[in-house]
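One file, structure.cif, is given below (mmCIF, C-alpha atoms).
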```cif
data_target
#
loop_
_atom_site.label_atom_id
_atom_site.label_comp_id
_atom_site.auth_asym_id
_atom_site.auth_seq_id
_atom_site.Cartn_x
_atom_site.Cartn_y
_atom_site.Cartn_z
CA GLN I 1414 74.24 78.33 152.68
CA VAL I 1415 75.72 80.91 155.00
CA GLN I 1416 79.06 82.41 154.07
CA LEU I 1417 81.17 84.82 156.11
CA VAL I 1418 83.83 86.79 154.31
CA GLU I 1419 86.43 88.85 156.15
CA SER I 1420 88.41 91.74 154.71
CA GLY I 1421 90.75 94.48 155.87
CA GLY I 1422 93.76 92.50 156.98
CA GLY I 1423 97.28 93.35 155.92
CA LEU I 1424 100.67 94.54 157.04
CA VAL I 1425 100.86 97.40 159.51
CA GLN I 1426 103.63 98.91 161.59
CA PRO I 1427 103.58 98.74 165.39
CA GLY I 1428 101.33 101.44 166.75
CA GLY I 1429 99.25 101.48 163.58
CA SER I 1430 95.58 100.76 163.01
CA LEU I 1431 93.46 98.45 160.90
CA ARG I 1432 89.74 98.00 160.47
CA LEU I 1433 88.47 94.52 159.74
CA SER I 1434 85.09 93.82 158.23
CA CYS I 1435 83.08 90.64 157.94
CA THR I 1436 79.94 90.25 155.89
CA ALA I 1437 77.51 87.35 156.11
CA SER I 1438 75.47 86.20 153.15
CA GLY I 1439 72.88 83.48 152.72
CA GLY I 1440 70.71 81.98 155.42
CA ALA I 1441 67.99 83.76 157.34
CA GLY I 1442 70.33 86.54 158.34
CA ILE I 1443 69.42 86.69 162.03
CA TYR I 1444 72.40 86.53 164.37
CA SER I 1445 72.40 86.92 168.11
CA LEU I 1446 76.18 86.89 168.25
CA MET I 1447 78.80 88.53 166.06
CA ALA I 1448 82.37 88.04 167.12
CA TRP I 1449 86.04 88.02 166.21
CA SER I 1450 88.65 85.44 167.13
CA ARG I 1451 92.29 85.12 166.18
CA GLN I 1452 94.95 82.47 165.92
CA ALA I 1453 98.62 83.29 166.01
CA PRO I 1454 101.24 80.89 164.64
CA GLY I 1455 101.76 78.03 167.06
CA LYS I 1456 99.01 79.20 169.39
CA GLU I 1457 95.42 78.25 170.06
CA ARG I 1458 92.56 80.28 168.68
CA GLU I 1459 91.36 82.92 171.13
CA THR I 1460 88.39 85.22 171.32
CA VAL I 1461 89.09 88.85 170.54
CA ALA I 1462 85.64 90.36 170.94
CA GLU I 1463 82.01 89.32 171.12
CA SER I 1464 78.92 91.43 170.56
CA TRP I 1465 75.56 90.05 171.63
CA THR I 1466 72.18 91.42 170.62
CA ARG I 1467 71.24 91.42 174.33
CA GLY I 1468 73.65 94.34 174.58
CA GLU I 1469 76.69 92.63 176.04
CA ILE I 1470 80.13 93.19 174.56
CA ILE I 1471 83.07 91.14 175.75
CA TYR I 1472 86.73 91.68 174.92
CA GLY I 1473 89.72 89.46 175.46
CA GLU I 1474 91.96 90.60 178.29
CA PHE I 1475 94.76 91.35 175.87
CA VAL I 1476 92.66 93.98 174.06
CA LYS I 1477 93.19 96.55 176.85
CA GLY I 1478 90.96 99.16 175.23
CA ARG I 1479 92.75 99.10 171.88
CA PHE I 1480 90.06 97.36 169.81
CA THR I 1481 86.39 98.15 169.24
CA ILE I 1482 83.80 95.76 167.85
CA SER I 1483 80.75 97.16 166.10
CA THR I 1484 77.90 95.59 164.20
CA ASP I 1485 75.30 96.34 161.59
CA HIS I 1486 72.53 93.78 161.90
CA PHE I 1487 70.62 95.20 158.93
CA LYS I 1488 73.57 94.48 156.67
CA ASN I 1489 74.87 91.49 158.69
CA VAL I 1490 78.30 93.05 159.01
CA VAL I 1491 80.66 93.05 161.97
CA TYR I 1492 83.67 95.32 162.23
CA LEU I 1493 86.78 95.30 164.36
CA GLN I 1494 88.63 98.58 164.70
CA MET I 1495 92.14 97.84 165.94
CA ASN I 1496 94.37 100.64 167.19
CA ASP I 1497 97.83 100.72 168.72
CA LEU I 1498 98.65 97.36 167.19
CA GLU I 1499 101.55 95.36 168.58
CA PRO I 1500 103.65 92.60 166.99
CA GLU I 1501 101.88 90.20 169.36
CA ASP I 1502 98.63 90.97 167.53
CA THR I 1503 99.95 89.23 164.43
CA ALA I 1504 97.48 86.45 163.65
CA VAL I 1505 94.77 85.26 161.35
CA TYR I 1506 91.56 86.95 162.40
CA TYR I 1507 88.29 85.08 162.00
CA CYS I 1508 84.76 86.34 162.30
CA ARG I 1509 82.06 84.21 163.84
CA MET I 1510 78.33 84.58 163.90
CA ALA I 1511 75.74 82.55 165.71
CA THR I 1512 71.98 82.40 165.36
CA PRO I 1513 69.53 82.40 168.29
CA HIS I 1514 69.34 78.62 167.73
CA ALA I 1515 73.09 78.29 168.32
CA GLU I 1516 73.98 77.60 164.70
CA GLU I 1517 77.52 78.88 164.37
CA TYR I 1518 79.36 80.06 161.30
CA TRP I 1519 82.98 81.01 160.73
CA GLY I 1520 84.79 82.93 158.06
CA LYS I 1521 88.02 81.70 156.48
CA GLY I 1522 90.06 84.43 158.12
CA THR I 1523 92.14 87.43 157.19
CA LEU I 1524 95.82 87.78 158.05
CA VAL I 1525 97.01 90.70 160.15
CA THR I 1526 100.75 91.20 160.35
CA VAL I 1527 102.21 93.81 162.68
CA SER I 1528 105.84 94.41 161.87
CA SER I 1529 108.29 97.20 161.22
#
```
Starting from the coordinates I provided, produce the structure as structure tokens.
Amino acid sequence: QVQLVESGGGLVQPGGSLRLSCTASGGAGIYSLMAWSRQAPGKERETVAESWTRGEIIYGEFVKGRFTISTDHFKNVVYLQMNDLEPEDTAVYYCRMATPHAEEYWGKGTLVTVSS
């Protein structure tokens, strides 16, 4: 059974930084996609960043160069470095991984709160 566990969320002041991590365990451990999404209170879930093994990285328009996704496929870990955080970035952040056969897995999320 595949499990994704996020960590690194917390409270940060505007302009601050956080680094989220997500580790996958169980399963065959081969993922063609590692990604982050987020859901703010009262809003729909949206994609923050996607990293594909074909070499493509996609960011949401709101990222504007502030976030960087990175992956370690040997350890099945995906990171999200978030800089210059804004109150609008407050949300629960979820990691997502998908296999080459389109089996998709989600973590339970980690809360990021940006507030002074």
Reference answer for the PyMOL selection byres ((chain I and resi 1502-1512) around 9), as a short mmCIF file (atom, residue, chain, number, x, y, z; two decimals) with C-alpha atoms, in the frame of the given file:
```cif
data_model
loop_
_atom_site.label_atom_id
_atom_site.label_comp_id
_atom_site.auth_asym_id
_atom_site.auth_seq_id
_atom_site.Cartn_x
_atom_site.Cartn_y
_atom_site.Cartn_z
CA LEU I 1417 81.17 84.82 156.11
CA VAL I 1418 83.83 86.79 154.31
CA GLU I 1419 86.43 88.85 156.15
CA GLY I 1422 93.76 92.50 156.98
CA LEU I 1433 88.47 94.52 159.74
CA SER I 1434 85.09 93.82 158.23
CA CYS I 1435 83.08 90.64 157.94
CA THR I 1436 79.94 90.25 155.89
CA ALA I 1437 77.51 87.35 156.11
CA GLY I 1442 70.33 86.54 158.34
CA ILE I 1443 69.42 86.69 162.03
CA TYR I 1444 72.40 86.53 164.37
CA SER I 1445 72.40 86.92 168.11
CA LEU I 1446 76.18 86.89 168.25
CA MET I 1447 78.80 88.53 166.06
CA ALA I 1448 82.37 88.04 167.12
CA TRP I 1449 86.04 88.02 166.21
CA SER I 1450 88.65 85.44 167.13
CA ARG I 1451 92.29 85.12 166.18
CA GLN I 1452 94.95 82.47 165.92
CA ALA I 1453 98.62 83.29 166.01
CA PRO I 1454 101.24 80.89 164.64
CA VAL I 1461 89.09 88.85 170.54
CA GLU I 1463 82.01 89.32 171.12
CA VAL I 1491 80.66 93.05 161.97
CA LEU I 1498 98.65 97.36 167.19
CA GLU I 1499 101.55 95.36 168.58
CA PRO I 1500 103.65 92.60 166.99
CA GLU I 1501 101.88 90.20 169.36
CA PRO I 1513 69.53 82.40 168.29
CA HIS I 1514 69.34 78.62 167.73
CA ALA I 1515 73.09 78.29 168.32
CA GLU I 1516 73.98 77.60 164.70
CA GLU I 1517 77.52 78.88 164.37
CA TYR I 1518 79.36 80.06 161.30
CA TRP I 1519 82.98 81.01 160.73
CA GLY I 1520 84.79 82.93 158.06
CA LYS I 1521 88.02 81.70 156.48
CA GLY I 1522 90.06 84.43 158.12
CA THR I 1523 92.14 87.43 157.19
CA LEU I 1524 95.82 87.78 158.05
CA VAL I 1525 97.01 90.70 160.15
CA THR I 1526 100.75 91.20 160.35
CA VAL I 1527 102.21 93.81 162.68
CA SER I 1528 105.84 94.41 161.87
#
```
So how far away is CA of Ser1430 in chain I from CA of Ser1483 in chain I, in Å?
->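 According to the coordinates, CA of Ser1483 in chain I and CA of Ser1430 in chain I are separated by 15.6 Å.
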Which residue, I:Phe1487, I:Tyr1492, I:Phe1480, I:Glu1459, has the smallest gap to Gly1429 in chain I when you use all atoms listed in the file?
->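 The closest residue to Gly1429 in chain I is I:Phe1480.
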Give the centre and edge lengths of an axis-aligned box, in Å to one decimal, that holds all listed atoms of range 1419-1436 of chain I with 4 Å on each side, as AutoDock Vina command-line options.
```
--center_x 91.8 --center_y 95.2 --center_z 160.7 --size_x 31.7 --size_y 20.6 --size_z 20.0
```
Please, what distance in Å, to one decimal, runs between CA of Gln1414 in chain I and CA of Leu1493 in chain I?
->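 That distance, rounded to one decimal, is 24.1 Å.
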